[in-house]
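Peer 1: Below is the file target-v1.pdb, with PDB, N, CA and C atoms.
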```
MODEL        1
ATOM      1  N   GLY A   1      -3.198  -6.478  -9.920
ATOM      2  CA  GLY A   1      -2.720  -5.573  -8.896
ATOM      3  C   GLY A   1      -3.696  -5.481  -7.727
ATOM      4  N   VAL A   2      -4.994  -5.450  -8.051
ATOM      5  CA  VAL A   2      -6.009  -5.350  -7.002
ATOM      6  C   VAL A   2      -5.976  -6.598  -6.127
ATOM      7  N   ALA A   3      -5.873  -7.773  -6.754
ATOM      8  CA  ALA A   3      -5.814  -9.026  -5.984
ATOM      9  C   ALA A   3      -4.583  -9.054  -5.088
ATOM     10  N   LEU A   4      -3.457  -8.558  -5.598
ATOM     11  CA  LEU A   4      -2.239  -8.515  -4.775
ATOM     12  C   LEU A   4      -2.420  -7.583  -3.582
ATOM     13  N   ALA A   5      -3.039  -6.438  -3.806
ATOM     14  CA  ALA A   5      -3.240  -5.473  -2.724
ATOM     15  C   ALA A   5      -4.184  -6.031  -1.657
ATOM     16  N   ILE A   6      -5.293  -6.615  -2.083
ATOM     17  CA  ILE A   6      -6.255  -7.162  -1.125
ATOM     18  C   ILE A   6      -5.643  -8.337  -0.360
ATOM     19  N   GLY A   7      -4.948  -9.214  -1.058
ATOM     20  CA  GLY A   7      -4.302 -10.341  -0.388
ATOM     21  C   GLY A   7      -3.249  -9.894   0.608
ATOM     22  N   THR A   8      -2.505  -8.864   0.251
ATOM     23  CA  THR A   8      -1.486  -8.340   1.168
ATOM     24  C   THR A   8      -2.136  -7.739   2.406
ATOM     25  N   LEU A   9      -3.276  -7.083   2.232
ATOM     26  CA  LEU A   9      -4.009  -6.563   3.390
ATOM     27  C   LEU A   9      -4.478  -7.707   4.290
ATOM     28  N   MET A  10      -4.854  -8.821   3.683
ATOM     29  CA  MET A  10      -5.241  -9.981   4.499
ATOM     30  C   MET A  10      -4.055 -10.535   5.281
ATOM     31  N   VAL A  11      -2.877 -10.535   4.681
ATOM     32  CA  VAL A  11      -1.681 -11.000   5.393
ATOM     33  C   VAL A  11      -1.387 -10.064   6.570
ATOM     34  N   VAL A  12      -1.528  -8.774   6.347
ATOM     35  CA  VAL A  12      -1.334  -7.801   7.436
ATOM     36  C   VAL A  12      -2.357  -8.056   8.536
ATOM     37  N   TRP A  13      -3.618  -8.273   8.133
ATOM     38  CA  TRP A  13      -4.671  -8.581   9.107
ATOM     39  C   TRP A  13      -4.307  -9.831   9.907
ATOM     40  N   LEU A  14      -3.807 -10.863   9.235
ATOM     41  CA  LEU A  14      -3.390 -12.091   9.918
ATOM     42  C   LEU A  14      -2.309 -11.803  10.953
ATOM     43  N   LEU A  15      -1.293 -11.043  10.559
ATOM     44  CA  LEU A  15      -0.192 -10.751  11.475
ATOM     45  C   LEU A  15      -0.656  -9.931  12.680
ATOM     46  N   VAL A  16      -1.499  -8.926  12.427
ATOM     47  CA  VAL A  16      -2.019  -8.104  13.528
ATOM     48  C   VAL A  16      -2.907  -8.952  14.435
ATOM     49  N   ALA A  17      -3.754  -9.785  13.836
ATOM     50  CA  ALA A  17      -4.641 -10.639  14.630
ATOM     51  C   ALA A  17      -3.840 -11.625  15.478
ATOM     52  N   ALA A  18      -2.802 -12.215  14.891
ATOM     53  CA  ALA A  18      -1.971 -13.164  15.635
ATOM     54  C   ALA A  18      -1.279 -12.482  16.806
ATOM     55  N   ALA A  19      -0.891 -11.231  16.615
ATOM     56  CA  ALA A  19      -0.216 -10.497  17.689
ATOM     57  C   ALA A  19      -1.197  -9.972  18.726
ATOM     58  N   SER A  20      -2.473  -9.918  18.371
ATOM     59  CA  SER A  20      -3.478  -9.326  19.260
ATOM     60  C   SER A  20      -4.151 -10.327  20.186
ATOM     61  N   GLY A  21      -3.958 -11.595  19.929
ATOM     62  CA  GLY A  21      -4.546 -12.585  20.819
ATOM     63  C   GLY A  21      -5.453 -13.565  20.103
ATOM     64  N   GLU A  22      -5.899 -14.547  20.883
ATOM     65  CA  GLU A  22      -6.666 -15.650  20.323
ATOM     66  C   GLU A  22      -7.996 -15.200  19.729
ATOM     67  N   ALA A  23      -8.685 -14.289  20.379
ATOM     68  CA  ALA A  23     -10.000 -13.851  19.887
ATOM     69  C   ALA A  23      -9.866 -13.171  18.518
ATOM     70  N   ALA A  24      -8.905 -12.286  18.384
ATOM     71  CA  ALA A  24      -8.693 -11.597  17.106
ATOM     72  C   ALA A  24      -8.257 -12.584  16.028
ATOM     73  N   TYR A  25      -7.421 -13.531  16.393
ATOM     74  CA  TYR A  25      -6.969 -14.549  15.444
ATOM     75  C   TYR A  25      -8.142 -15.403  14.972
ATOM     76  N   ASN A  26      -9.028 -15.768  15.900
ATOM     77  CA  ASN A  26     -10.197 -16.569  15.531
ATOM     78  C   ASN A  26     -11.132 -15.819  14.598
ATOM     79  N   VAL A  27     -11.271 -14.509  14.777
ATOM     80  CA  VAL A  27     -12.083 -13.696  13.860
ATOM     81  C   VAL A  27     -11.470 -13.737  12.467
ATOM     82  N   PHE A  28     -10.156 -13.569  12.388
ATOM     83  CA  PHE A  28      -9.494 -13.647  11.085
ATOM     84  C   PHE A  28      -9.703 -15.020  10.456
ATOM     85  N   MET A  29      -9.487 -16.081  11.209
ATOM     86  CA  MET A  29      -9.619 -17.430  10.668
ATOM     87  C   MET A  29     -11.038 -17.720  10.213
ATOM     88  N   ASP A  30     -12.041 -17.200  10.940
ATOM     89  CA  ASP A  30     -13.424 -17.386  10.501
ATOM     90  C   ASP A  30     -13.631 -16.765   9.117
ATOM     91  N   PHE A  31     -13.059 -15.580   8.911
ATOM     92  CA  PHE A  31     -13.184 -14.948   7.596
ATOM     93  C   PHE A  31     -12.359 -15.703   6.553
ATOM     94  N   ALA A  32     -11.136 -16.049   6.876
ATOM     95  CA  ALA A  32     -10.245 -16.704   5.914
ATOM     96  C   ALA A  32     -10.792 -18.057   5.467
ATOM     97  N   LEU A  33     -11.516 -18.739   6.332
ATOM     98  CA  LEU A  33     -12.074 -20.046   5.980
ATOM     99  C   LEU A  33     -13.468 -19.962   5.367
ATOM    100  N   SER A  34     -14.027 -18.757   5.331
ATOM    101  CA  SER A  34     -15.335 -18.570   4.694
ATOM    102  C   SER A  34     -15.175 -18.628   3.175
ATOM    103  N   PRO A  35     -16.264 -18.840   2.442
ATOM    104  CA  PRO A  35     -16.150 -18.871   0.973
ATOM    105  C   PRO A  35     -15.531 -17.601   0.386
ATOM    106  N   ILE A  36     -15.907 -16.444   0.889
ATOM    107  CA  ILE A  36     -15.327 -15.196   0.371
ATOM    108  C   ILE A  36     -13.840 -15.125   0.687
ATOM    109  N   GLY A  37     -13.469 -15.501   1.903
ATOM    110  CA  GLY A  37     -12.059 -15.508   2.277
ATOM    111  C   GLY A  37     -11.246 -16.459   1.423
ATOM    112  N   GLN A  38     -11.803 -17.631   1.136
ATOM    113  CA  GLN A  38     -11.109 -18.603   0.300
ATOM    114  C   GLN A  38     -10.928 -18.083  -1.125
ATOM    115  N   ILE A  39     -11.953 -17.415  -1.652
ATOM    116  CA  ILE A  39     -11.846 -16.830  -2.999
ATOM    117  C   ILE A  39     -10.770 -15.757  -3.021
ATOM    118  N   VAL A  40     -10.760 -14.912  -1.993
ATOM    119  CA  VAL A  40      -9.742 -13.848  -1.928
ATOM    120  C   VAL A  40      -8.345 -14.456  -1.844
ATOM    121  N   LEU A  41      -8.161 -15.443  -0.999
ATOM    122  CA  LEU A  41      -6.842 -16.057  -0.855
ATOM    123  C   LEU A  41      -6.420 -16.797  -2.118
ATOM    124  N   PHE A  42      -7.379 -17.460  -2.783
ATOM    125  CA  PHE A  42      -7.063 -18.136  -4.041
ATOM    126  C   PHE A  42      -6.638 -17.115  -5.098
ATOM    127  N   GLY A  43      -7.407 -16.023  -5.211
ATOM    128  CA  GLY A  43      -7.063 -14.963  -6.174
ATOM    129  C   GLY A  43      -5.716 -14.345  -5.872
ATOM    130  N   TRP A  44      -5.423 -14.168  -4.588
ATOM    131  CA  TRP A  44      -4.136 -13.592  -4.196
ATOM    132  C   TRP A  44      -2.983 -14.517  -4.552
ATOM    133  N   SER A  45      -3.151 -15.814  -4.278
ATOM    134  CA  SER A  45      -2.069 -16.739  -4.594
ATOM    135  C   SER A  45      -1.864 -16.839  -6.108
ATOM    136  N   PHE A  46      -2.957 -16.840  -6.884
ATOM    137  CA  PHE A  46      -2.808 -16.845  -8.342
ATOM    138  C   PHE A  46      -2.102 -15.569  -8.809
ATOM    139  N   ALA A  47      -2.497 -14.417  -8.272
ATOM    140  CA  ALA A  47      -1.884 -13.150  -8.672
ATOM    141  C   ALA A  47      -0.391 -13.126  -8.345
ATOM    142  N   LEU A  48      -0.019 -13.680  -7.189
ATOM    143  CA  LEU A  48       1.406 -13.742  -6.827
ATOM    144  C   LEU A  48       2.188 -14.593  -7.820
ATOM    145  N   TYR A  49       1.660 -15.776  -8.126
ATOM    146  CA  TYR A  49       2.353 -16.659  -9.067
ATOM    147  C   TYR A  49       2.377 -16.070 -10.479
ATOM    148  N   PHE A  50       1.279 -15.439 -10.882
ATOM    149  CA  PHE A  50       1.235 -14.821 -12.204
ATOM    150  C   PHE A  50       2.283 -13.712 -12.304
ATOM    151  N   HIS A  51       2.375 -12.903 -11.258
ATOM    152  CA  HIS A  51       3.354 -11.808 -11.231
ATOM    153  C   HIS A  51       4.780 -12.364 -11.282
ATOM    154  N   MET A  52       5.036 -13.433 -10.535
ATOM    155  CA  MET A  52       6.367 -14.049 -10.531
ATOM    156  C   MET A  52       6.712 -14.632 -11.904
ATOM    157  N   CYS A  53       5.779 -15.373 -12.496
ATOM    158  CA  CYS A  53       6.037 -15.990 -13.801
ATOM    159  C   CYS A  53       6.211 -14.930 -14.887
ATOM    160  N   ASN A  54       5.425 -13.872 -14.815
ATOM    161  CA  ASN A  54       5.584 -12.786 -15.781
ATOM    162  C   ASN A  54       6.936 -12.095 -15.600
ATOM    163  N   GLY A  55       7.409 -12.017 -14.365
ATOM    164  CA  GLY A  55       8.736 -11.457 -14.124
ATOM    165  C   GLY A  55       9.825 -12.286 -14.773
ATOM    166  N   VAL A  56       9.673 -13.609 -14.719
ATOM    167  CA  VAL A  56      10.632 -14.488 -15.392
ATOM    168  C   VAL A  56      10.583 -14.249 -16.899
ATOM    169  N   ARG A  57       9.365 -14.100 -17.441
ATOM    170  CA  ARG A  57       9.241 -13.828 -18.875
ATOM    171  C   ARG A  57       9.937 -12.514 -19.242
ATOM    172  N   HIS A  58       9.791 -11.512 -18.404
ATOM    173  CA  HIS A  58      10.464 -10.237 -18.668
ATOM    174  C   HIS A  58      11.984 -10.381 -18.585
ATOM    175  N   LEU A  59      12.462 -11.212 -17.664
ATOM    176  CA  LEU A  59      13.909 -11.452 -17.607
ATOM    177  C   LEU A  59      14.398 -12.100 -18.896
ATOM    178  N   ILE A  60      13.600 -13.024 -19.427
ATOM    179  CA  ILE A  60      13.966 -13.649 -20.701
ATOM    180  C   ILE A  60      13.946 -12.603 -21.811
ATOM    181  N   TRP A  61      12.946 -11.733 -21.793
ATOM    182  CA  TRP A  61      12.900 -10.651 -22.791
ATOM    183  C   TRP A  61      14.141  -9.762 -22.697
ATOM    184  N   ASP A  62      14.632  -9.553 -21.484
ATOM    185  CA  ASP A  62      15.833  -8.724 -21.311
ATOM    186  C   ASP A  62      17.048  -9.316 -22.011
ATOM    187  N   THR A  63      17.020 -10.611 -22.287
ATOM    188  CA  THR A  63      18.120 -11.233 -23.022
ATOM    189  C   THR A  63      17.938 -11.118 -24.536
ATOM    190  N   GLY A  64      16.798 -10.537 -24.946
ATOM    191  CA  GLY A  64      16.528 -10.361 -26.366
ATOM    192  C   GLY A  64      15.808 -11.537 -27.008
ATOM    193  N   LYS A  65      15.324 -12.463 -26.190
ATOM    194  CA  LYS A  65      14.637 -13.633 -26.717
ATOM    195  C   LYS A  65      13.117 -13.469 -26.596
ATOM    196  N   LEU A  66      12.374 -14.243 -27.394
ATOM    197  CA  LEU A  66      10.912 -14.314 -27.369
ATOM    198  C   LEU A  66      10.223 -13.026 -27.805
ATOM    199  N   PHE A  67      10.859 -12.246 -28.663
ATOM    200  CA  PHE A  67      10.232 -11.013 -29.124
ATOM    201  C   PHE A  67       9.343 -11.206 -30.345
ATOM    202  N   GLU A  68       9.503 -12.320 -31.050
ATOM    203  CA  GLU A  68       8.645 -12.549 -32.201
ATOM    204  C   GLU A  68       7.218 -12.752 -31.698
ATOM    205  N   ILE A  69       6.238 -12.259 -32.460
ATOM    206  CA  ILE A  69       4.845 -12.275 -32.006
ATOM    207  C   ILE A  69       4.393 -13.676 -31.602
ATOM    208  N   LYS A  70       4.661 -14.667 -32.427
ATOM    209  CA  LYS A  70       4.220 -16.030 -32.137
ATOM    210  C   LYS A  70       4.844 -16.554 -30.841
ATOM    211  N   LYS A  71       6.127 -16.305 -30.659
ATOM    212  CA  LYS A  71       6.818 -16.758 -29.447
ATOM    213  C   LYS A  71       6.348 -15.976 -28.220
ATOM    214  N   ALA A  72       6.093 -14.684 -28.395
ATOM    215  CA  ALA A  72       5.621 -13.856 -27.283
ATOM    216  C   ALA A  72       4.242 -14.317 -26.817
ATOM    217  N   LYS A  73       3.357 -14.636 -27.757
ATOM    218  CA  LYS A  73       2.025 -15.133 -27.394
ATOM    219  C   LYS A  73       2.127 -16.484 -26.691
ATOM    220  N   PHE A  74       2.992 -17.349 -27.198
ATOM    221  CA  PHE A  74       3.186 -18.656 -26.568
ATOM    222  C   PHE A  74       3.726 -18.484 -25.148
ATOM    223  N   ALA A  75       4.658 -17.566 -24.960
ATOM    224  CA  ALA A  75       5.205 -17.308 -23.623
ATOM    225  C   ALA A  75       4.109 -16.812 -22.681
ATOM    226  N   GLY A  76       3.179 -16.002 -23.200
ATOM    227  CA  GLY A  76       2.057 -15.541 -22.390
ATOM    228  C   GLY A  76       1.173 -16.692 -21.938
ATOM    229  N   VAL A  77       0.940 -17.631 -22.835
ATOM    230  CA  VAL A  77       0.155 -18.816 -22.482
ATOM    231  C   VAL A  77       0.891 -19.629 -21.424
ATOM    232  N   ILE A  78       2.193 -19.782 -21.590
ATOM    233  CA  ILE A  78       3.002 -20.522 -20.609
ATOM    234  C   ILE A  78       2.920 -19.853 -19.236
ATOM    235  N   VAL A  79       2.948 -18.533 -19.205
ATOM    236  CA  VAL A  79       2.852 -17.806 -17.933
ATOM    237  C   VAL A  79       1.539 -18.143 -17.231
ATOM    238  N   VAL A  80       0.431 -18.111 -17.955
ATOM    239  CA  VAL A  80      -0.876 -18.397 -17.354
ATOM    240  C   VAL A  80      -0.948 -19.853 -16.886
ATOM    241  N   VAL A  81      -0.491 -20.772 -17.720
ATOM    242  CA  VAL A  81      -0.514 -22.199 -17.345
ATOM    243  C   VAL A  81       0.376 -22.439 -16.126
ATOM    244  N   ALA A  82       1.545 -21.839 -16.101
ATOM    245  CA  ALA A  82       2.449 -22.013 -14.956
ATOM    246  C   ALA A  82       1.837 -21.431 -13.684
ATOM    247  N   ALA A  83       1.234 -20.253 -13.786
ATOM    248  CA  ALA A  83       0.615 -19.634 -12.613
ATOM    249  C   ALA A  83      -0.549 -20.480 -12.102
ATOM    250  N   LEU A  84      -1.376 -20.984 -13.009
ATOM    251  CA  LEU A  84      -2.479 -21.858 -12.596
ATOM    252  C   LEU A  84      -1.957 -23.142 -11.961
ATOM    253  N   SER A  85      -0.924 -23.719 -12.542
ATOM    254  CA  SER A  85      -0.349 -24.962 -12.014
ATOM    255  C   SER A  85       0.252 -24.749 -10.625
ATOM    256  N   LEU A  86       0.998 -23.686 -10.462
ATOM    257  CA  LEU A  86       1.604 -23.397  -9.155
ATOM    258  C   LEU A  86       0.543 -23.096  -8.102
ATOM    259  N   THR A  87      -0.506 -22.388  -8.502
ATOM    260  CA  THR A  87      -1.597 -22.101  -7.578
ATOM    261  C   THR A  87      -2.289 -23.391  -7.155
ATOM    262  N   ALA A  88      -2.601 -24.245  -8.128
ATOM    263  CA  ALA A  88      -3.252 -25.522  -7.816
ATOM    264  C   ALA A  88      -2.370 -26.382  -6.916
ATOM    265  N   LEU A  89      -1.077 -26.423  -7.200
ATOM    266  CA  LEU A  89      -0.154 -27.204  -6.379
ATOM    267  C   LEU A  89      -0.107 -26.664  -4.949
ATOM    268  N   THR A  90      -0.044 -25.367  -4.809
ATOM    269  CA  THR A  90      -0.013 -24.749  -3.485
ATOM    270  C   THR A  90      -1.259 -25.100  -2.693
ATOM    271  N   TRP A  91      -2.421 -24.956  -3.322
ATOM    272  CA  TRP A  91      -3.675 -25.249  -2.622
ATOM    273  C   TRP A  91      -3.811 -26.739  -2.317
ATOM    274  N   PHE A  92      -3.341 -27.575  -3.208
ATOM    275  CA  PHE A  92      -3.364 -29.016  -2.959
ATOM    276  C   PHE A  92      -2.491 -29.353  -1.746
ATOM    277  N   LEU A  93      -1.275 -28.830  -1.733
ATOM    278  CA  LEU A  93      -0.358 -29.110  -0.621
ATOM    279  C   LEU A  93      -0.851 -28.508   0.688
ATOM    280  N   ALA A  94      -1.578 -27.405   0.614
ATOM    281  CA  ALA A  94      -2.096 -26.772   1.828
ATOM    282  C   ALA A  94      -3.250 -27.564   2.435
ATOM    283  N   THR A  95      -3.872 -28.432   1.638
ATOM    284  CA  THR A  95      -5.030 -29.163   2.149
ATOM    285  C   THR A  95      -4.703 -30.588   2.585
ATOM    286  N   ILE A  96      -3.455 -31.025   2.380
ATOM    287  CA  ILE A  96      -3.132 -32.388   2.811
ATOM    288  C   ILE A  96      -2.474 -32.385   4.181
TER
ENDMDL
END
```
The structure in this file should be written as structure tokens.

Peer 2:
Amino acid sequence: GVALAIGTLMVVWLLVAAASGEAAYNVFMDFALSPIGQIVLFGWSFALYFHMCNGVRHLIWDTGKLFEIKKAKFAGVIVVVAALSLTALTWFLATI
């Protein structure tokens, strides 16, 4: 939740900076491209994908499936692997 909140604040900062002019936008980009900015954006993108994948798992639970402990634990692992994979794919595509 914290990563989602901080990342969303960065998106708001981006939008305000873009609307405020080139100087404000450049300040945002300097931060976003810094190591701390990259860590924040990476954490935010992972948190978004994790939240989305967990939502899919909850939708499956709503159908009455995956309630057995072994299946529920496996679904949790799938959520983490899917979120990591989607995050890696996003960052890979953003750098090409």

Peer 1: Taking all atoms of region 51-56 of chain A that appear in the file, build a box with edges along x, y and z, extend it by 5 Å on every side, and state its centre and edge lengths in Å to one decimal, as JSON.

Peer 2:
```
{"center_x": 6.5, "center_y": -13.7, "center_z": -13.7, "size_x": 18.3, "size_y": 14.5, "size_z": 16.4}
```

Peer 1: List the residues selected by the PyMOL selection byres (((chain A and resi 82 and name CA) around 10) and name CA) in the file shown, writing them as a list in words.

Peer 2: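 Taken over the shown coordinates, the PyMOL selection byres (((chain A and resi 82 and name CA) around 10) and name CA) returns Phe46, Tyr49, Phe50, Met52, Cys53, Asn54, Gly76, Val77, Ile78, Val79, Val80, Val81, Ala83, Leu84, Ser85, Leu86, Thr87 and Ala88 of chain A.
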
Peer 1: Given the choices A:Ala3, A:Met29, A:Ile96, A:Val16, which gets closest to Ser45 (chain A) if the distance is worked out from only N, CA and C atoms?

Peer 2: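 Checking each candidate against Ser45 (chain A), we get A:Ala3 as the closest.
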
Peer 1: Could you list the residues chosen by the PyMOL selection byres (((chain A and resi 4 and name CA) around 12) and name CA) in this structure as a ChimeraX atom specification?

Peer 2: /A:1-3,5-11,40-52

Peer 1: Taking all atoms listed in the file into account, name the residue in A:Trp91, A:Ala32, A:Arg57, A:Asp62 that is nearest to Ala75 (chain A).

Peer 2: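 Distance minimum relative to Ala75 (chain A) lands on A:Arg57.
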
Peer 1: Kindly give the distance, in Å, that separates atom N of Pro35 (chain A) and atom C of Trp13 (chain A), rounded to a single decimal.

Peer 2: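 Answer for the atom N of Pro35 (chain A) to atom C of Trp13 (chain A) separation: 16.7 Å.
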
Peer 1: Between atom C of Gln38 (chain A) and CA of Thr90 (chain A), what is the spacing in Å?

Peer 2: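 For CA of Thr90 (chain A) relative to atom C of Gln38 (chain A), the distance reads 13.0 Å.
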
Peer 1: What separation in Å, quoted to one decimal, exists between CA of Phe28 (chain A) and atom C of Leu93 (chain A)?

Peer 2: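 About the pair CA of Phe28 (chain A) and atom C of Leu93 (chain A): they are 20.1 Å apart.
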